[in-house]
$ cat upload_6.csv   # CSV, C-alpha atoms (C1' of nucleotides)
chain,number,residue,atom,x,y,z
A,1,MET,CA,0.0,0.0,0.0
A,2,PRO,CA,1.3,3.4,-0.8
A,3,GLU,CA,2.8,5.0,2.4
A,4,LEU,CA,5.4,7.7,2.7
A,5,PRO,CA,8.2,5.8,0.9
A,6,GLU,CA,6.0,4.8,-2.0
A,7,VAL,CA,4.5,8.2,-2.4
A,8,GLU,CA,7.9,9.8,-2.2
A,9,THR,CA,9.1,7.4,-5.0
A,10,VAL,CA,6.2,8.5,-7.1
A,11,ARG,CA,6.9,12.1,-6.3
A,12,ARG,CA,10.5,11.7,-7.6
A,13,GLY,CA,9.2,10.1,-10.7
A,14,LEU,CA,6.8,13.1,-11.3
A,15,GLU,CA,9.7,15.5,-10.7
A,16,ARG,CA,11.8,13.7,-13.3
A,17,ARG,CA,9.2,13.1,-15.9
A,18,VAL,CA,6.3,15.6,-15.5
A,19,VAL,CA,7.7,18.8,-14.0
A,20,GLY,CA,8.2,21.4,-16.8
A,21,ALA,CA,5.7,19.7,-19.1
A,22,CYS,CA,2.3,21.1,-20.3
A,23,ILE,CA,-1.0,19.4,-19.8
A,24,ASP,CA,-2.6,19.5,-23.3
A,25,ARG,CA,-5.6,17.3,-22.7
A,26,VAL,CA,-7.5,15.9,-19.7
A,27,GLU,CA,-9.8,12.9,-19.9
A,28,VAL,CA,-11.8,11.9,-16.8
A,29,THR,CA,-13.5,8.5,-17.0
A,30,GLY,CA,-13.8,7.7,-13.3
A,31,GLU,CA,-16.3,10.0,-11.5
A,32,ARG,CA,-15.5,8.6,-8.1
A,33,THR,CA,-11.9,9.7,-8.4
A,34,VAL,CA,-12.9,13.3,-8.9
A,35,ARG,CA,-15.8,13.1,-6.5
A,36,ARG,CA,-14.7,16.1,-4.5
A,37,LEU,CA,-15.0,18.7,-7.3
A,38,GLY,CA,-16.4,16.8,-10.3
A,39,ARG,CA,-15.1,16.2,-13.8
A,40,GLU,CA,-15.4,19.8,-15.1
A,41,ALA,CA,-13.4,21.3,-12.4
A,42,ILE,CA,-10.6,18.9,-13.0
A,43,ILE,CA,-10.6,19.4,-16.7
A,44,ASP,CA,-10.8,23.2,-16.4
A,45,GLY,CA,-8.2,23.4,-13.7
A,46,LEU,CA,-5.6,21.4,-15.5
A,47,THR,CA,-6.0,21.9,-19.3
A,48,GLY,CA,-3.3,24.2,-20.7
A,49,THR,CA,-1.2,24.5,-17.5
A,50,HIS,CA,2.4,23.6,-17.0
A,51,VAL,CA,3.5,21.6,-14.0
A,52,VAL,CA,6.0,23.6,-12.0
A,53,THR,CA,6.8,21.4,-8.9
A,54,ALA,CA,6.2,17.9,-7.5
A,55,ARG,CA,5.8,18.1,-3.7
A,56,ARG,CA,4.7,15.7,-1.0
A,57,ARG,CA,3.0,16.1,2.4
A,58,GLY,CA,2.6,12.8,4.2
A,59,LYS,CA,0.8,10.6,1.6
A,60,TYR,CA,-0.5,13.5,-0.5
A,61,LEU,CA,1.1,14.4,-3.8
A,62,LEU,CA,1.0,18.1,-4.7
A,63,CYS,CA,1.9,19.6,-8.0
A,64,ASP,CA,2.0,23.4,-8.3
A,65,LEU,CA,0.8,24.6,-11.7
A,66,ASP,CA,1.9,27.8,-13.5
A,67,SER,CA,-1.7,28.9,-13.4
A,68,GLY,CA,-1.5,29.3,-9.6
A,69,GLY,CA,-3.4,26.1,-9.2
A,70,VAL,CA,-2.4,23.0,-7.3
A,71,LEU,CA,-3.0,19.4,-8.5
A,72,MET,CA,-3.5,17.2,-5.4
A,73,MET,CA,-3.5,13.4,-5.7
A,74,HIS,CA,-3.9,10.7,-3.0
A,75,LEU,CA,-3.3,7.1,-3.9
A,76,ARG,CA,-5.1,5.7,-0.8
A,77,MET,CA,-5.1,1.9,-1.1
A,78,SER,CA,-4.6,1.0,-4.7
A,79,GLY,CA,-3.9,4.1,-6.6
A,80,ARG,CA,-1.0,4.3,-9.1
A,81,VAL,CA,0.4,7.2,-11.2
A,82,LEU,CA,1.9,6.0,-14.4
A,83,VAL,CA,3.8,7.7,-17.2
A,84,ALA,CA,3.3,6.1,-20.6
A,85,PRO,CA,3.9,6.7,-24.3
A,86,LEU,CA,1.2,8.6,-26.3
A,87,GLY,CA,-1.5,6.2,-27.4
A,88,ALA,CA,-0.4,3.3,-25.2
A,89,LEU,CA,-3.1,0.9,-24.1
A,90,ARG,CA,-4.6,2.1,-20.8
A,91,PRO,CA,-4.9,-0.4,-18.0
A,92,ALA,CA,-8.3,-1.2,-16.5
A,93,HIS,CA,-9.4,1.4,-13.9
A,94,THR,CA,-7.6,4.3,-15.5
A,95,HIS,CA,-9.8,7.1,-14.2
A,96,VAL,CA,-7.9,10.2,-15.2
A,97,ALA,CA,-5.6,10.5,-18.2
A,98,LEU,CA,-3.4,13.5,-19.0
A,99,THR,CA,-1.9,14.1,-22.4
A,100,MET,CA,1.3,16.1,-21.8
A,101,SER,CA,4.1,17.6,-23.9
A,102,ARG,CA,7.4,19.4,-23.7
A,103,THR,CA,8.7,21.8,-26.3
A,104,ASP,CA,11.8,19.8,-26.8
A,105,SER,CA,10.3,16.3,-27.2
A,106,SER,CA,7.3,14.3,-28.2
A,107,GLY,CA,4.3,13.9,-25.9
A,108,PHE,CA,3.4,11.4,-23.3
A,109,GLU,CA,0.6,10.4,-21.0
A,110,VAL,CA,0.1,10.4,-17.3
A,111,TRP,CA,-2.5,8.0,-15.9
A,112,PHE,CA,-4.2,7.8,-12.5
A,113,VAL,CA,-5.1,4.2,-12.1
A,114,ASP,CA,-7.0,3.0,-9.1
A,115,PRO,CA,-9.0,-0.3,-8.9
A,116,ARG,CA,-10.5,0.3,-5.4
A,117,THR,CA,-11.3,3.9,-6.2
A,118,PHE,CA,-10.4,5.2,-2.7
A,119,GLY,CA,-7.9,7.5,-4.3
A,120,GLU,CA,-8.6,11.1,-5.3
A,121,VAL,CA,-7.6,13.7,-7.8
A,122,VAL,CA,-8.3,17.3,-6.8
A,123,VAL,CA,-7.4,20.7,-8.4
A,124,PHE,CA,-7.7,24.0,-6.5
A,125,ASP,CA,-6.3,27.5,-6.6
A,126,ARG,CA,-3.5,28.0,-4.1
A,127,ASP,CA,-5.6,30.5,-2.2
A,128,ASP,CA,-8.4,28.0,-1.8
A,129,GLU,CA,-6.4,25.2,-0.2
A,130,ALA,CA,-8.0,25.7,3.3
A,131,ARG,CA,-11.5,25.5,1.8
A,132,VAL,CA,-11.0,22.7,-0.8
A,133,ALA,CA,-8.4,20.5,1.0
A,134,PRO,CA,-8.6,21.3,4.7
A,135,GLU,CA,-7.0,18.0,5.6
A,136,LEU,CA,-3.6,19.3,4.5
A,137,ALA,CA,-3.5,21.8,7.3
A,138,ARG,CA,-4.4,19.1,9.8
A,139,LEU,CA,-1.4,16.9,8.9
A,140,GLY,CA,1.4,16.4,11.5
A,141,PRO,CA,5.0,16.8,10.6
A,142,ASP,CA,6.4,14.7,7.7
A,143,PRO,CA,9.5,12.9,9.0
A,144,ILE,CA,11.3,13.0,5.7
A,145,ALA,CA,10.0,16.1,3.9
A,146,GLU,CA,10.2,18.4,6.9
A,147,GLY,CA,12.2,16.3,9.4
A,148,LEU,CA,11.2,15.3,12.9
A,149,ASP,CA,13.5,16.0,15.8
A,150,VAL,CA,13.5,14.1,19.1
A,151,ALA,CA,11.9,17.0,21.0
A,152,THR,CA,9.0,17.3,18.6
A,153,LEU,CA,8.4,13.6,18.8
A,154,ARG,CA,8.5,13.8,22.6
A,155,GLY,CA,5.8,16.5,22.4
A,156,ILE,CA,3.7,14.4,20.1
A,157,LEU,CA,3.9,11.4,22.6
A,158,ARG,CA,3.1,13.6,25.6
A,159,GLY,CA,-0.3,13.1,27.1
A,160,ARG,CA,-1.3,10.4,24.6
A,161,ARG,CA,-3.2,7.5,26.2
A,162,GLY,CA,-4.1,5.3,23.3
A,163,ASN,CA,-1.7,2.7,21.9
A,164,LEU,CA,1.6,3.6,20.2
A,165,LYS,CA,0.7,2.0,16.9
A,166,ALA,CA,-2.5,4.0,16.6
A,167,LEU,CA,-0.5,7.1,17.2
A,168,LEU,CA,2.0,6.2,14.4
A,169,LEU,CA,-0.9,5.7,12.1
A,170,ASN,CA,-2.6,9.0,13.0
A,171,GLN,CA,-1.8,11.4,10.2
A,172,HIS,CA,-2.6,14.4,12.4
A,173,ALA,CA,0.2,13.3,14.8
A,174,ILE,CA,2.9,12.3,12.2
A,175,ALA,CA,2.2,12.3,8.5
A,176,GLY,CA,3.1,9.5,6.1
A,177,ILE,CA,3.3,6.3,8.2
A,178,GLY,CA,0.9,3.5,7.3
A,179,ASN,CA,0.4,-0.1,8.5
A,180,ILE,CA,3.5,-1.7,7.0
A,181,TYR,CA,6.0,0.9,8.2
A,182,ALA,CA,4.3,1.3,11.6
A,183,ASP,CA,5.1,-2.4,12.3
A,184,GLU,CA,8.6,-2.2,10.9
A,185,ILE,CA,9.3,1.0,12.9
A,186,LEU,CA,8.0,-0.5,16.1
A,187,HIS,CA,10.1,-3.6,15.6
A,188,ARG,CA,13.3,-1.6,14.9
A,189,ALA,CA,12.6,0.5,18.0
A,190,ARG,CA,12.0,-2.7,20.0
A,191,LEU,CA,8.7,-1.3,21.2
A,192,ARG,CA,5.4,-3.1,21.5
A,193,ASP,CA,2.5,-1.7,19.4
A,194,ASP,CA,0.2,-1.5,22.5
A,195,ARG,CA,2.6,0.6,24.6
A,196,VAL,CA,1.0,3.8,25.9
A,197,PRO,CA,2.8,6.6,24.1
A,198,ALA,CA,2.9,8.9,27.2
A,199,SER,CA,4.7,6.2,29.2
A,200,LEU,CA,7.8,5.9,27.0
A,201,GLY,CA,11.0,6.8,28.7
A,202,ALA,CA,13.8,8.9,27.2
A,203,ASP,CA,15.7,6.0,25.8
A,204,ALA,CA,12.5,4.5,24.2
A,205,VAL,CA,11.7,7.9,22.6
A,206,ARG,CA,15.2,8.1,21.2
A,207,ARG,CA,14.9,4.6,19.8
A,208,LEU,CA,11.5,5.4,18.3
A,209,HIS,CA,12.9,8.6,16.7
A,210,ALA,CA,15.8,6.7,15.2
A,211,ALA,CA,13.6,3.9,13.9
A,212,ILE,CA,11.2,6.3,12.2
A,213,HIS,CA,14.0,8.0,10.5
A,214,ASP,CA,16.0,4.9,9.6
A,215,VAL,CA,13.1,2.7,8.3
A,216,LEU,CA,11.6,5.5,6.2
A,217,THR,CA,14.9,6.6,4.8
A,218,ALA,CA,15.9,3.0,3.9
A,219,ALA,CA,12.5,2.4,2.4
A,220,VAL,CA,12.7,5.5,0.2
A,221,ALA,CA,16.2,4.4,-0.9
A,222,ALA,CA,14.7,1.1,-1.9
A,223,GLY,CA,11.9,2.7,-3.9
A,224,GLY,CA,9.3,1.5,-1.4
A,225,SER,CA,7.7,-1.9,-0.9
A,226,THR,CA,5.9,-3.9,-3.5
A,227,LEU,CA,3.9,-6.7,-1.9
A,228,ASP,CA,2.4,-9.8,-3.5
A,229,ASP,CA,-1.1,-8.5,-3.2
A,230,THR,CA,-0.3,-4.9,-4.2
A,231,GLN,CA,0.2,-3.3,-7.5
A,232,TYR,CA,2.4,-0.6,-6.2
A,233,VAL,CA,4.9,0.5,-8.8
A,234,ASP,CA,6.6,3.8,-9.5
A,235,VAL,CA,5.6,6.1,-12.5
A,236,ASP,CA,7.8,4.0,-14.8
A,237,GLY,CA,6.2,0.7,-13.7
A,238,ALA,CA,9.1,-0.4,-11.6
A,239,THR,CA,8.6,-2.3,-8.4
A,240,GLY,CA,10.2,-1.3,-5.1
A,241,TRP,CA,12.3,-3.8,-3.2
A,242,PHE,CA,12.1,-2.8,0.5
A,243,GLN,CA,9.7,-5.8,1.0
A,244,THR,CA,12.8,-7.9,1.1
A,245,GLU,CA,13.9,-6.0,4.1
A,246,HIS,CA,10.7,-6.3,6.1
A,247,ARG,CA,11.5,-7.9,9.4
A,248,VAL,CA,7.9,-8.4,10.8
A,249,TYR,CA,5.3,-7.4,8.2
A,250,GLY,CA,3.9,-10.4,6.4
A,251,ARG,CA,6.1,-12.8,8.4
A,252,ALA,CA,3.6,-14.1,10.9
A,253,GLY,CA,4.6,-17.5,12.3
A,254,GLU,CA,8.2,-17.2,11.2
A,255,ARG,CA,11.1,-17.0,13.6
A,256,CYS,CA,12.2,-13.5,14.4
A,257,LEU,CA,15.1,-12.4,12.1
A,258,THR,CA,16.3,-10.0,14.8
A,259,CYS,CA,16.5,-12.1,17.9
A,260,GLY,CA,16.2,-15.6,16.4
A,261,ARG,CA,14.2,-16.7,19.5
A,262,GLY,CA,10.7,-15.3,19.2
A,263,ARG,CA,8.1,-16.1,16.6
A,264,ILE,CA,6.3,-13.2,14.7
A,265,VAL,CA,2.8,-13.0,16.0
A,266,ARG,CA,-0.1,-11.5,14.1
A,267,ARG,CA,-3.1,-9.8,15.8
A,268,VAL,CA,-5.3,-6.8,15.4
A,269,VAL,CA,-4.2,-3.6,17.0
A,270,ALA,CA,-5.8,-0.2,16.2
A,271,GLY,CA,-8.1,-2.0,13.8
A,272,ARG,CA,-5.2,-3.1,11.6
A,273,THR,CA,-3.3,-6.4,11.1
A,274,THR,CA,-0.2,-6.1,13.2
A,275,CYS,CA,2.9,-8.2,13.2
A,276,ALA,CA,5.5,-8.1,16.0
A,277,CYS,CA,8.1,-10.1,17.9
A,278,LEU,CA,7.0,-10.1,21.5
A,279,VAL,CA,10.5,-11.2,22.6
A,280,CYS,CA,12.3,-8.2,20.9
A,281,GLN,CA,9.5,-5.7,21.4
A,282,ARG,CA,8.6,-4.6,24.9
Y,1,DA,C1',-9.5,17.0,22.6
Y,2,DA,C1',-8.6,12.3,22.1
Y,3,DC,C1',-9.8,8.1,20.9
Y,4,DT,C1',-12.4,3.9,18.6
Y,5,DG,C1',-15.3,1.7,15.3
Y,6,DT,C1',-17.5,1.9,10.7
Y,7,DC,C1',-17.6,2.6,6.0
Y,8,DC,C1',-16.1,3.0,1.3
Y,9,DC,C1',-14.3,-0.5,-2.8
Y,10,DT,C1',-12.2,-4.3,-5.8
Y,11,DG,C1',-9.2,-8.2,-6.4
Y,12,DC,C1',-7.6,-12.1,-4.8
Y,13,DA,C1',-7.3,-16.4,-2.0
Y,14,DA,C1',-9.3,-19.7,0.9
Y,15,DG,C1',-13.0,-22.8,1.9
Y,16,DC,C1',-16.9,-25.4,0.9
K,1,DT,C1',-14.9,-26.6,-10.9
K,2,DG,C1',-17.4,-22.7,-9.3
K,3,DC,C1',-19.5,-20.3,-6.1
K,4,DT,C1',-19.4,-17.5,-1.6
K,5,DT,C1',-16.9,-15.4,2.0
K,6,DG,C1',-13.3,-12.9,4.1
K,7,DC,C1',-9.5,-10.0,4.0
K,8,DA,C1',-6.5,-6.2,2.6
K,9,DG,C1',-6.2,-1.0,4.3
K,10,DG,C1',-6.2,5.2,4.3
K,11,DG,C1',-8.8,8.5,6.0
K,12,DA,C1',-13.3,10.9,6.8
K,13,DC,C1',-16.7,10.6,9.8
K,14,DA,C1',-19.8,9.6,13.7
K,15,DG,C1',-20.1,8.3,18.2
K,16,DT,C1',-18.2,8.0,22.8
$ encode --input "upload_6.csv" --output "structure tokens"
Amino acid sequence: MPELPEVETVRRGLERRVVGACIDRVEVTGERTVRRLGREAIIDGLTGTHVVTARRRGKYLLCDLDSGGVLMMHLRMSGRVLVAPLGALRPAHTHVALTMSRTDSSGFEVWFVDPRTFGEVVVFDRDDEARVAPELARLGPDPIAEGLDVATLRGILRGRRGNLKALLLNQHAIAGIGNIYADEILHRARLRDDRVPASLGADAVRRLHAAIHDVLTAAVAAGGSTLDDTQYVDVDGATGWFQTEHRVYGRAGERCLTCGRGRIVRRVVAGRTTCACLVCQR
DNA sequence: AACTGTCCCTGCAAGC
DNA sequence: TGCTTGCAGGGACAGT
């Protein structure tokens, strides 16, 4: 599932392939993907504009346009952004297709493909962000795009009485972590998912801080995780390989790779499938 | 304010 | 073999 590392990999692909190009034509075939504003707003907001930047906030992709507009995309569970040659056969569930061009080369297409249709494509004027996309202002700090220091993390943990995993998944607390990386981070930090955040001591906070940074950085370097049941690929269709580095996610029943003693247990925490080694993680 | 449970949706795998 | 069922999960929202 696209989390921070996967979305960052897509962002880098957009930066490489799409920034500087002009959107000549916009086709919207999936109404649900544009449910927030409707088809006309997407077509009107994008057609004839140049893409100036490719940014990311948590799991949100944001492209500034030379019109003063912003293209916002969220992949949610099954969304993909693909760059393809002009006229290439579009995959099933291609809901938005952009025909783009550069002055110095031939055109190409950008597709938003999303079988489960949880994903979204939104376009708004920069001045309208608070009205059209209020969720952006509610996001917590992004550990990679903005950095997250130990003091800030300590502040986020302070007074929190739920469980630690739910806090890591809470985009209002920290932006970008999803189910896979939450489990990997907690394992690296040697902390149980059901710890009460406010109860973590100084050493545990430092371990958690390092684990957030280390896991996300390594996953970004690996181009994200492509799972058996996911279709996550970057804009060029390449898979990630961080799944080969997973130490707990998807390893239920296996012996722990870290301590060699425990077995990875699988249970539901914060309403999500959770994998952990209860020998390493305390 | 903080936290939990529900819902949206499709593809795939397991079970009968 | 072919059906049904369950599961996967991000985030908004409603309900505590």
$ closest_atom_pairs --input "upload_6.csv" --of "chain A" --to "chain K" --cutoff "8 Å" --atoms "all atoms listed in the file" --output "CSV"
residue,atom,partner,partner_atom,distance
A:Met1,CA,K:DG9,C1',7.6
A:Arg76,CA,K:DG10,C1',5.2
A:Met77,CA,K:DG9,C1',6.2
A:Gly178,CA,K:DG10,C1',7.9
A:Asn179,CA,K:DG9,C1',7.9
A:Arg272,CA,K:DG9,C1',7.7
$ interface_residues --input "upload_6.csv" --of "chain Y" --to "chain A" --cutoff "7 Å" --atoms "only C-alpha atoms (C1' of nucleotides)" --output "PyMOL selection string"
chain Y and resi 3+9-10
$ atom_distance --input "upload_6.csv" --atom1 "CA of Asp149 (chain A)" --atom2 "CA of Ile212 (chain A)"
10.6 Å
$ atom_distance --input "upload_6.csv" --atom1 "CA of Arg126 (chain A)" --atom2 "CA of Leu46 (chain A)"
13.3 Å
$ residues_around --input "upload_6.csv" --residues "Cys280 (chain A)" --least-positions-apart "5" --cutoff "10 Å" --atoms "all atoms listed in the file" --output "list of chain:residue names"
A:His187, A:Arg188, A:Ala189, A:Arg190, A:Leu191, A:Arg192, A:Cys256, A:Thr258, A:Cys259, A:Gly260, A:Arg261, A:Gly262, A:Arg263, A:Ile264
$ atom_distance --input "upload_6.csv" --atom1 "CA of Asp234 (chain A)" --atom2 "CA of Glu109 (chain A)"
14.6 Å
$ residues_around --input "upload_6.csv" --residues "Ser101 (chain A)" --least-positions-apart "6" --cutoff "10 Å" --atoms "all atoms listed in the file" --output "list of chain:residue names"
A:Val18, A:Gly20, A:Ala21, A:Cys22, A:Ile23, A:Asp24, A:Arg25, A:His50, A:Leu86, A:Gly107, A:Phe108, A:Glu109
$ closest_residue --input "upload_6.csv" --among "A:Thr152, A:Thr29, A:Thr273, A:Thr103" --to "Arg90 (chain A)" --atoms "only C-alpha atoms"
A:Thr29
$ residues_around --input "upload_6.csv" --residues "Asp183 (chain A)" --least-positions-apart "2" --cutoff "7 Å" --atoms "all atoms listed in the file" --output "list of chain:residue names"
A:Asn179, A:Ile180, A:Tyr181, A:Ile185, A:Leu186, A:His187, A:Val248, A:Tyr249, A:Thr274, A:Cys275, A:Ala276
$ closest_residue --input "upload_6.csv" --among "A:Leu98, A:Val132, A:Ile156, A:Leu168" --to "Glu184 (chain A)" --atoms "only C-alpha atoms"
A:Leu168
$ closest_residue --input "upload_6.csv" --among "A:Pro143, A:Pro134, A:Gly69, A:Gly38" --to "Val52 (chain A)" --atoms "all atoms listed in the file"
A:Gly69
$ residues_around --input "upload_6.csv" --residues "Val96 (chain A)" --least-positions-apart "5" --cutoff "8 Å" --atoms "all atoms listed in the file" --output "VMD selection string"
chain A and resid 26 to 30 33 111 to 113
$ build_atoms --input "upload_6.csv" --residues "region 40-54 of chain A" --atoms "N, CA and C atoms" --output "PDB file, in the coordinates of the input"
ATOM      1  N   GLU A  40     -15.718  18.497 -14.462  1.00  0.00           N
ATOM      2  CA  GLU A  40     -15.400  19.800 -15.100  1.00  0.00           C
ATOM      3  C   GLU A  40     -14.359  20.572 -14.440  1.00  0.00           C
ATOM      4  N   ALA A  41     -14.377  20.560 -13.119  1.00  0.00           N
ATOM      5  CA  ALA A  41     -13.400  21.300 -12.400  1.00  0.00           C
ATOM      6  C   ALA A  41     -11.985  20.791 -12.594  1.00  0.00           C
ATOM      7  N   ILE A  42     -11.881  19.495 -12.749  1.00  0.00           N
ATOM      8  CA  ILE A  42     -10.600  18.900 -13.000  1.00  0.00           C
ATOM      9  C   ILE A  42     -10.079  19.252 -14.383  1.00  0.00           C
ATOM     10  N   ILE A  43     -10.956  19.119 -15.352  1.00  0.00           N
ATOM     11  CA  ILE A  43     -10.600  19.400 -16.700  1.00  0.00           C
ATOM     12  C   ILE A  43     -10.232  20.907 -16.883  1.00  0.00           C
ATOM     13  N   ASP A  44     -11.082  21.770 -16.341  1.00  0.00           N
ATOM     14  CA  ASP A  44     -10.800  23.200 -16.400  1.00  0.00           C
ATOM     15  C   ASP A  44      -9.583  23.635 -15.693  1.00  0.00           C
ATOM     16  N   GLY A  45      -9.349  23.011 -14.542  1.00  0.00           N
ATOM     17  CA  GLY A  45      -8.200  23.400 -13.700  1.00  0.00           C
ATOM     18  C   GLY A  45      -6.874  22.971 -14.233  1.00  0.00           C
ATOM     19  N   LEU A  46      -6.870  21.936 -15.075  1.00  0.00           N
ATOM     20  CA  LEU A  46      -5.600  21.400 -15.500  1.00  0.00           C
ATOM     21  C   LEU A  46      -5.242  21.711 -16.978  1.00  0.00           C
ATOM     22  N   THR A  47      -6.242  21.781 -17.827  1.00  0.00           N
ATOM     23  CA  THR A  47      -6.000  21.900 -19.300  1.00  0.00           C
ATOM     24  C   THR A  47      -5.200  23.205 -19.563  1.00  0.00           C
ATOM     25  N   GLY A  48      -4.097  23.066 -20.284  1.00  0.00           N
ATOM     26  CA  GLY A  48      -3.300  24.200 -20.700  1.00  0.00           C
ATOM     27  C   GLY A  48      -2.297  24.704 -19.681  1.00  0.00           C
ATOM     28  N   THR A  49      -2.201  24.038 -18.529  1.00  0.00           N
ATOM     29  CA  THR A  49      -1.200  24.500 -17.500  1.00  0.00           C
ATOM     30  C   THR A  49       0.066  23.716 -17.620  1.00  0.00           C
ATOM     31  N   HIS A  50       1.130  24.312 -17.086  1.00  0.00           N
ATOM     32  CA  HIS A  50       2.400  23.600 -17.000  1.00  0.00           C
ATOM     33  C   HIS A  50       2.620  23.215 -15.510  1.00  0.00           C
ATOM     34  N   VAL A  51       3.214  22.058 -15.315  1.00  0.00           N
ATOM     35  CA  VAL A  51       3.500  21.600 -14.000  1.00  0.00           C
ATOM     36  C   VAL A  51       4.864  22.156 -13.539  1.00  0.00           C
ATOM     37  N   VAL A  52       4.849  22.827 -12.401  1.00  0.00           N
ATOM     38  CA  VAL A  52       6.000  23.600 -12.000  1.00  0.00           C
ATOM     39  C   VAL A  52       6.821  22.811 -10.876  1.00  0.00           C
ATOM     40  N   THR A  53       6.112  22.118  -9.994  1.00  0.00           N
ATOM     41  CA  THR A  53       6.800  21.400  -8.900  1.00  0.00           C
ATOM     42  C   THR A  53       6.093  20.036  -8.680  1.00  0.00           C
ATOM     43  N   ALA A  54       6.772  19.166  -7.966  1.00  0.00           N
ATOM     44  CA  ALA A  54       6.200  17.900  -7.500  1.00  0.00           C
ATOM     45  C   ALA A  54       6.556  17.824  -5.999  1.00  0.00           C
TER      46      ALA A  54
END
